[in-house]
$ cat work_39.pdb   # PDB, C-alpha atoms and all ligand atoms
ATOM      1  CA  MET A   1      99.504  41.201  77.013
ATOM      2  CA  ARG A   2      96.894  43.892  77.479
ATOM      3  CA  THR A   3      98.510  47.127  76.380
ATOM      4  CA  ASP A   4      96.922  49.038  79.274
ATOM      5  CA  GLN A   5      99.124  46.893  81.512
ATOM      6  CA  ALA A   6     102.317  47.693  79.641
ATOM      7  CA  ARG A   7     105.280  48.835  81.726
ATOM      8  CA  ILE A   8     107.414  51.148  79.660
ATOM      9  CA  VAL A   9     110.380  53.375  80.535
ATOM     10  CA  VAL A  10     111.413  56.197  78.233
ATOM     11  CA  LEU A  11     115.087  57.117  78.216
ATOM     12  CA  GLY A  12     116.977  59.884  76.479
ATOM     13  CA  LYS A  13     119.033  62.974  77.091
ATOM     14  CA  GLN A  14     117.563  65.902  78.974
ATOM     15  CA  GLY A  15     115.367  67.774  76.527
ATOM     16  CA  SER A  16     114.889  64.744  74.274
ATOM     17  CA  GLY A  17     111.120  64.820  74.800
ATOM     18  CA  LYS A  18     110.661  62.019  77.335
ATOM     19  CA  GLY A  19     107.853  63.774  79.183
ATOM     20  CA  THR A  20     105.922  64.554  76.004
ATOM     21  CA  GLN A  21     106.227  61.019  74.632
ATOM     22  CA  CYS A  22     105.306  59.480  78.010
ATOM     23  CA  GLU A  23     102.196  61.619  78.109
ATOM     24  CA  LEU A  24     101.227  60.541  74.577
ATOM     25  CA  LEU A  25     101.865  56.888  75.483
ATOM     26  CA  ALA A  26      99.742  57.222  78.610
ATOM     27  CA  ASP A  27      96.840  58.693  76.588
ATOM     28  CA  HIS A  28      97.142  56.153  73.805
ATOM     29  CA  PHE A  29      97.369  52.974  75.897
ATOM     30  CA  GLY A  30      95.535  54.134  79.049
ATOM     31  CA  LEU A  31      98.664  54.089  81.209
ATOM     32  CA  VAL A  32      99.691  56.126  84.223
ATOM     33  CA  HIS A  33     102.480  58.605  83.428
ATOM     34  CA  LEU A  34     105.065  58.785  86.194
ATOM     35  CA  ALA A  35     107.900  61.329  86.036
ATOM     36  CA  THR A  36     110.428  61.504  88.864
ATOM     37  CA  GLY A  37     111.457  65.063  87.884
ATOM     38  CA  ASP A  38     107.823  66.223  88.236
ATOM     39  CA  LEU A  39     107.382  64.338  91.518
ATOM     40  CA  LEU A  40     110.566  65.924  92.880
ATOM     41  CA  ARG A  41     109.596  69.417  91.689
ATOM     42  CA  ALA A  42     106.213  69.022  93.409
ATOM     43  CA  ALA A  43     108.006  68.013  96.629
ATOM     44  CA  VAL A  44     110.273  71.085  96.336
ATOM     45  CA  ARG A  45     107.300  73.366  95.669
ATOM     46  CA  ASP A  46     105.376  71.939  98.652
ATOM     47  CA  ARG A  47     108.496  72.264 100.819
ATOM     48  CA  THR A  48     108.188  68.696 102.103
ATOM     49  CA  PRO A  49     111.207  67.359 104.075
ATOM     50  CA  LEU A  50     112.134  65.315 100.992
ATOM     51  CA  GLY A  51     111.775  68.363  98.735
ATOM     52  CA  ARG A  52     114.046  70.413 100.970
ATOM     53  CA  ARG A  53     116.746  67.751 100.729
ATOM     54  CA  ALA A  54     116.441  67.549  96.949
ATOM     55  CA  GLN A  55     116.234  71.239  96.014
ATOM     56  CA  ALA A  56     119.881  72.366  95.898
ATOM     57  CA  LEU A  57     120.993  69.170  94.147
ATOM     58  CA  MET A  58     118.350  69.628  91.473
ATOM     59  CA  GLU A  59     119.149  73.274  90.866
ATOM     60  CA  ASN A  60     122.821  72.372  90.339
ATOM     61  CA  GLY A  61     121.937  69.600  87.906
ATOM     62  CA  GLU A  62     123.150  66.867  90.292
ATOM     63  CA  LEU A  63     121.337  63.594  90.912
ATOM     64  CA  VAL A  64     119.150  63.221  93.961
ATOM     65  CA  SER A  65     119.879  60.148  96.131
ATOM     66  CA  ASP A  66     118.322  56.843  95.135
ATOM     67  CA  ASP A  67     116.608  56.618  98.532
ATOM     68  CA  LEU A  68     114.629  59.797  97.917
ATOM     69  CA  VAL A  69     113.781  58.951  94.322
ATOM     70  CA  PHE A  70     112.554  55.450  95.141
ATOM     71  CA  ALA A  71     110.630  56.656  98.196
ATOM     72  CA  LEU A  72     108.595  58.891  95.875
ATOM     73  CA  LEU A  73     108.353  56.347  93.105
ATOM     74  CA  ASP A  74     107.271  53.512  95.403
ATOM     75  CA  GLU A  75     104.334  55.517  96.613
ATOM     76  CA  GLU A  76     103.242  56.255  93.039
ATOM     77  CA  LEU A  77     103.742  52.654  91.903
ATOM     78  CA  ARG A  78     101.584  51.483  94.791
ATOM     79  CA  ARG A  79      98.905  53.969  93.769
ATOM     80  CA  ALA A  80      99.124  52.726  90.162
ATOM     81  CA  ALA A  81      98.891  49.081  91.228
ATOM     82  CA  GLY A  82      97.320  46.930  88.534
ATOM     83  CA  ARG A  83      97.783  49.561  85.835
ATOM     84  CA  GLY A  84     100.516  49.900  83.266
ATOM     85  CA  PHE A  85     102.760  52.946  83.229
ATOM     86  CA  SER A  86     105.051  55.098  81.138
ATOM     87  CA  LEU A  87     107.966  56.141  83.304
ATOM     88  CA  ASP A  88     110.319  59.021  82.719
ATOM     89  CA  GLY A  89     113.305  60.048  84.841
ATOM     90  CA  VAL A  90     114.159  56.576  86.136
ATOM     91  CA  PRO A  91     116.496  54.766  85.757
ATOM     92  CA  ARG A  92     119.350  57.199  85.416
ATOM     93  CA  THR A  93     122.055  54.832  86.652
ATOM     94  CA  LEU A  94     122.710  51.094  86.524
ATOM     95  CA  ALA A  95     122.044  50.906  90.254
ATOM     96  CA  GLN A  96     118.606  52.460  89.639
ATOM     97  CA  ALA A  97     117.923  50.044  86.763
ATOM     98  CA  ARG A  98     118.585  47.120  89.112
ATOM     99  CA  ALA A  99     116.564  48.699  91.915
ATOM    100  CA  LEU A 100     113.624  49.312  89.559
ATOM    101  CA  ASP A 101     113.714  45.654  88.542
ATOM    102  CA  ARG A 102     113.506  44.623  92.198
ATOM    103  CA  HIS A 103     110.685  47.068  92.913
ATOM    104  CA  LEU A 104     108.631  45.816  89.972
ATOM    105  CA  GLY A 105     108.808  42.164  90.990
ATOM    106  CA  ASP A 106     107.392  39.450  88.720
ATOM    107  CA  HIS A 107     105.961  41.684  86.006
ATOM    108  CA  GLY A 108     109.117  43.543  85.014
ATOM    109  CA  LEU A 109     109.448  46.099  82.226
ATOM    110  CA  ASP A 110     108.012  45.341  78.803
ATOM    111  CA  ALA A 111     110.016  47.950  76.892
ATOM    112  CA  ALA A 112     112.677  50.625  77.304
ATOM    113  CA  VAL A 113     112.319  53.292  74.620
ATOM    114  CA  GLU A 114     115.391  55.402  73.868
ATOM    115  CA  LEU A 115     114.692  58.767  72.228
ATOM    116  CA  ASP A 116     117.809  59.490  70.246
ATOM    117  CA  VAL A 117     118.367  63.228  69.758
ATOM    118  CA  PRO A 118     121.669  64.977  68.926
ATOM    119  CA  GLY A 119     123.336  66.963  71.741
ATOM    120  CA  ASP A 120     123.183  70.361  70.000
ATOM    121  CA  LEU A 121     119.440  69.990  69.471
ATOM    122  CA  VAL A 122     118.657  69.158  73.118
ATOM    123  CA  MET A 123     120.822  72.099  74.256
ATOM    124  CA  ARG A 124     118.783  74.412  72.043
ATOM    125  CA  ARG A 125     115.472  72.926  73.237
ATOM    126  CA  MET A 126     116.442  73.372  76.895
ATOM    127  CA  ALA A 127     117.718  76.922  76.362
ATOM    128  CA  THR A 128     114.341  77.924  74.914
ATOM    129  CA  ARG A 129     111.908  75.822  76.954
ATOM    130  CA  ARG A 130     109.696  77.735  79.368
ATOM    131  CA  VAL A 131     107.337  76.135  81.827
ATOM    132  CA  CYS A 132     104.241  77.629  83.389
ATOM    133  CA  PRO A 133     104.512  77.470  87.204
ATOM    134  CA  THR A 134     100.716  77.482  87.473
ATOM    135  CA  CYS A 135      99.682  74.649  85.135
ATOM    136  CA  GLY A 136     102.995  73.041  84.075
ATOM    137  CA  THR A 137     102.467  73.621  80.334
ATOM    138  CA  LEU A 138     105.655  73.811  78.264
ATOM    139  CA  THR A 139     106.127  76.617  75.738
ATOM    140  CA  THR A 140     109.091  77.400  73.498
ATOM    141  CA  ALA A 141     110.583  80.900  73.644
ATOM    142  CA  PRO A 142     111.460  82.412  70.246
ATOM    143  CA  ASP A 143     115.025  82.979  71.407
ATOM    144  CA  PRO A 144     117.126  81.876  74.453
ATOM    145  CA  ALA A 145     117.335  85.549  75.516
ATOM    146  CA  VAL A 146     113.545  85.797  75.905
ATOM    147  CA  ALA A 147     113.137  85.034  79.627
ATOM    148  CA  THR A 148     109.341  84.729  79.909
ATOM    149  CA  VAL A 149     106.464  83.986  77.552
ATOM    150  CA  PRO A 150     102.700  83.965  78.151
ATOM    151  CA  CYS A 151     101.385  80.483  78.979
ATOM    152  CA  GLN A 152      99.347  79.037  76.116
ATOM    153  CA  ARG A 153      96.893  77.244  78.375
ATOM    154  CA  CYS A 154      96.191  79.490  81.363
ATOM    155  CA  ASP A 155      96.840  83.158  82.106
ATOM    156  CA  GLY A 156     100.174  82.365  83.807
ATOM    157  CA  THR A 157     103.668  83.333  82.659
ATOM    158  CA  ALA A 158     106.026  80.571  81.561
ATOM    159  CA  VAL A 159     109.614  80.881  82.830
ATOM    160  CA  ALA A 160     112.869  78.900  82.516
ATOM    161  CA  ARG A 161     113.317  75.978  84.909
ATOM    162  CA  PRO A 162     115.877  76.803  87.642
ATOM    163  CA  ASP A 163     118.080  73.946  86.358
ATOM    164  CA  ASP A 164     117.964  75.077  82.719
ATOM    165  CA  THR A 165     121.018  77.299  83.205
ATOM    166  CA  VAL A 166     124.073  76.812  80.985
ATOM    167  CA  ASP A 167     126.091  75.216  83.816
ATOM    168  CA  ALA A 168     123.334  72.902  85.073
ATOM    169  CA  ILE A 169     122.451  71.791  81.518
ATOM    170  CA  ALA A 170     126.116  70.912  80.878
ATOM    171  CA  ARG A 171     126.309  69.005  84.170
ATOM    172  CA  ARG A 172     123.111  67.030  83.457
ATOM    173  CA  LEU A 173     124.238  66.097  79.957
ATOM    174  CA  ALA A 174     127.624  64.964  81.300
ATOM    175  CA  LEU A 175     125.866  62.824  83.907
ATOM    176  CA  TYR A 176     123.704  61.338  81.165
ATOM    177  CA  GLU A 177     126.772  60.194  79.247
ATOM    178  CA  GLU A 178     128.527  58.836  82.354
ATOM    179  CA  GLU A 179     125.668  57.297  84.250
ATOM    180  CA  THR A 180     122.697  56.720  81.962
ATOM    181  CA  ARG A 181     124.369  55.575  78.741
ATOM    182  CA  PRO A 182     125.346  52.203  80.364
ATOM    183  CA  VAL A 183     121.678  51.661  81.239
ATOM    184  CA  LEU A 184     120.859  51.531  77.517
ATOM    185  CA  ASP A 185     123.317  48.654  77.010
ATOM    186  CA  TRP A 186     121.875  46.901  80.031
ATOM    187  CA  TYR A 187     118.375  47.010  78.526
ATOM    188  CA  GLU A 188     119.682  46.018  75.135
ATOM    189  CA  GLU A 189     121.205  42.866  76.640
ATOM    190  CA  ARG A 190     117.795  42.093  78.128
ATOM    191  CA  ARG A 191     116.114  42.604  74.741
ATOM    192  CA  LEU A 192     113.982  45.442  76.037
ATOM    193  CA  LEU A 193     115.585  48.361  74.228
ATOM    194  CA  VAL A 194     113.760  50.104  71.406
ATOM    195  CA  ARG A 195     115.696  52.929  69.716
ATOM    196  CA  VAL A 196     113.715  55.745  68.161
ATOM    197  CA  ASP A 197     114.893  58.808  66.252
ATOM    198  CA  GLY A 198     113.646  61.640  68.485
ATOM    199  CA  ASP A 199     114.334  64.474  66.041
ATOM    200  CA  GLY A 200     111.044  65.842  64.725
ATOM    201  CA  ASP A 201     107.761  67.212  65.984
ATOM    202  CA  PRO A 202     106.086  65.313  68.850
ATOM    203  CA  GLU A 203     103.429  63.595  66.700
ATOM    204  CA  GLU A 204     105.987  62.459  64.156
ATOM    205  CA  VAL A 205     108.238  61.019  66.882
ATOM    206  CA  PHE A 206     105.234  59.383  68.533
ATOM    207  CA  GLY A 207     104.414  57.606  65.272
ATOM    208  CA  ARG A 208     107.890  56.079  65.357
ATOM    209  CA  VAL A 209     107.542  55.153  69.033
ATOM    210  CA  LEU A 210     104.268  53.331  68.363
ATOM    211  CA  ALA A 211     105.642  51.503  65.336
ATOM    212  CA  SER A 212     108.620  50.250  67.355
ATOM    213  CA  LEU A 213     106.510  49.279  70.329
ATOM    214  CA  GLU A 214     104.153  47.279  68.184
ATOM    215  CA  VAL A 215     107.006  44.883  67.533
ATOM    216  CA  GLN A 216     108.366  44.946  71.085
ATOM    217  CA  LEU A 217     105.005  44.449  72.807
ATOM    218  CA  SER A 218     103.648  41.751  70.538
ATOM    219  CA  PRO A 219     104.074  38.253  71.961
ATOM    220  CA  ALA A 220     106.891  36.203  70.486
ATOM    221  CA  PRO A 221     105.577  33.405  68.257
ATOM    222  CA  SER A 222     105.447  30.193  70.240
ATOM    223  CA  PRO A 223     107.845  27.453  69.119
ATOM    224  CA  ARG A 224     106.211  24.653  67.144
TER     225      ARG A 224
HETATM  226  P1  LIG B   1     116.024  66.470  83.137
HETATM  227  O1  LIG B   1     115.929  65.069  82.611
HETATM  228  O2  LIG B   1     115.881  67.535  82.109
HETATM  229  O3  LIG B   1     117.205  66.684  84.042
HETATM  230  P2  LIG B   1     113.899  65.876  85.053
HETATM  231  O4  LIG B   1     112.678  66.673  85.251
HETATM  232  O5  LIG B   1     113.757  64.450  84.634
HETATM  233  O6  LIG B   1     114.743  66.729  84.025
HETATM  234  O7  LIG B   1     114.774  65.878  86.388
HETATM  235  C1  LIG B   1     115.127  67.070  87.046
HETATM  236  C2  LIG B   1     116.116  66.776  88.177
HETATM  237  O8  LIG B   1     115.480  65.915  89.147
HETATM  238  C3  LIG B   1     117.391  66.029  87.795
HETATM  239  O9  LIG B   1     118.403  66.886  87.289
HETATM  240  C4  LIG B   1     117.782  65.413  89.150
HETATM  241  O10 LIG B   1     118.332  66.381  90.020
HETATM  242  C5  LIG B   1     116.429  65.019  89.723
HETATM  243  N1  LIG B   1     116.061  63.625  89.363
HETATM  244  C6  LIG B   1     115.009  63.246  88.591
HETATM  245  N2  LIG B   1     114.983  61.897  88.460
HETATM  246  C7  LIG B   1     116.039  61.424  89.166
HETATM  247  C8  LIG B   1     116.573  60.133  89.420
HETATM  248  N3  LIG B   1     116.023  59.018  88.891
HETATM  249  N4  LIG B   1     117.683  60.023  90.186
HETATM  250  C9  LIG B   1     118.261  61.103  90.711
HETATM  251  N5  LIG B   1     117.834  62.362  90.508
HETATM  252  C10 LIG B   1     116.733  62.532  89.748
END
$ encode --input "work_39.pdb" --output "structure tokens"
Amino acid sequence: MRTDQARIVVLGKQGSGKGTQCELLADHFGLVHLATGDLLRAAVRDRTPLGRRAQALMENGELVSDDLVFALLDEELRRAAGRGFSLDGVPRTLAQARALDRHLGDHGLDAAVELDVPGDLVMRRMATRRVCPTCGTLTTAPDPAVATVPCQRCDGTAVARPDDTVDAIARRLALYEEETRPVLDWYEERRLLVRVDGDGDPEEVFGRVLASLEVQLSPAPSPR
């Protein structure tokens, strides 16, 4: 398989680094990076009808309906036709895993990467992550009490995401355990799951992701 055609989902708790690793995968293999959270935030920011329906749910850390998520995703998958992708944010439930399979058709997923990061570490990452509303760059605050930090890329000011409150973080992590954990087993049964230790700096984790994918993406030896 050509690696620029690879279809990869990245799974992991909120704050586990899915977006960062998807971006690195996209650069490395020449894939399109699709992130449902980013697509939804753009819809909220642009005040589209879909964004208006999603906003309150997102701010409370609840899931948005499958209809809305797949409406956005379908459009992006159509735009990416013929290219591989790294996908983050979907699937979050077994129903979404099945729906994604149907949407992808004959060329299904090639790998599902799980970034394994302990709960206390993701809580700390989310409590200190700040995002620039102008260019989207993530920055880490020195302390959870520091509300804003200068953006490192543009002259904007990075702030906390509206759903990175203590209550919404707790709700999202609970939903991960209830709804997303079974998706990992589902991919494992289909021999697509690749588990990676996600504790470490982004480049170090990416090295592990690549090493695991090398095995997963290489064709199985043909029987003699
Ligand atoms: P996180 O993984 O930290 O919650 P995301 O940026 O992936 O951040 O998602 C932000 C929010 O967008 C989620 O809490 C949820 O409300 C909504 N969302 C994103 N993807 C989905 C999805 N596949 N199904 C339902 N809701 C979603």
$ resolve_selection --input "work_39.pdb" --expression "the PyMOL selection byres (((chain A and resi 118) around 12) and not hetatm)" --output "PyMOL selection string"
chain A and resi 12-16+115-117+119-125+173+197-200
$ atom_distance --input "work_39.pdb" --atom1 "atom CA of Val90 of chain A" --atom2 "atom CA of Leu25 of chain A"
16.3 Å
$ closest_residue --input "work_39.pdb" --among "A:Ser86, A:Arg171, A:Asp110, A:Tyr176" --to "Arg2 of chain A" --atoms "only C-alpha atoms"
A:Asp110
$ atom_distance --input "work_39.pdb" --atom1 "atom CA of Asp185 of chain A" --atom2 "atom CA of Gln216 of chain A"
16.5 Å
$ atom_distance --input "work_39.pdb" --atom1 "atom CA of Asp88 of chain A" --atom2 "atom CA of Cys22 of chain A"
6.9 Å
$ resolve_selection --input "work_39.pdb" --expression "the PyMOL selection byres (((not hetatm)) within 6 of (chain B and resi 1))" --output "MDAnalysis selection string"
chainID A and resid 14:15 36:38 57:58 61:66 69 89:92 172
$ closest_residue --input "work_39.pdb" --among "A:Ser218, A:Ala112, A:Glu23, A:Val149" --to "Leu193 of chain A" --atoms "all atoms listed in the file"
A:Ala112
$ closest_residue --input "work_39.pdb" --among "A:Cys132, A:Val113, A:Leu50, A:Leu87" --to "Ala26 of chain A" --atoms "only C-alpha atoms"
A:Leu87
$ residues_around --input "work_39.pdb" --residues "Asp101 of chain A" --least-positions-apart "3" --cutoff "12 Å" --atoms "only C-alpha atoms" --output "compact mmCIF listing (two decimals) with C-alpha atoms, in the frame of the given file"
# COMPACT_ATOMS: atom_id res chain seq x y z
CA ARG A 7 105.28 48.84 81.73
CA VAL A 9 110.38 53.38 80.54
CA PHE A 70 112.55 55.45 95.14
CA VAL A 90 114.16 56.58 86.14
CA PRO A 91 116.50 54.77 85.76
CA LEU A 94 122.71 51.09 86.52
CA ALA A 95 122.04 50.91 90.25
CA GLN A 96 118.61 52.46 89.64
CA ALA A 97 117.92 50.04 86.76
CA ARG A 98 118.58 47.12 89.11
CA LEU A 104 108.63 45.82 89.97
CA GLY A 105 108.81 42.16 90.99
CA ASP A 106 107.39 39.45 88.72
CA HIS A 107 105.96 41.68 86.01
CA GLY A 108 109.12 43.54 85.01
CA LEU A 109 109.45 46.10 82.23
CA ASP A 110 108.01 45.34 78.80
CA TRP A 186 121.88 46.90 80.03
CA TYR A 187 118.38 47.01 78.53
CA ARG A 190 117.80 42.09 78.13
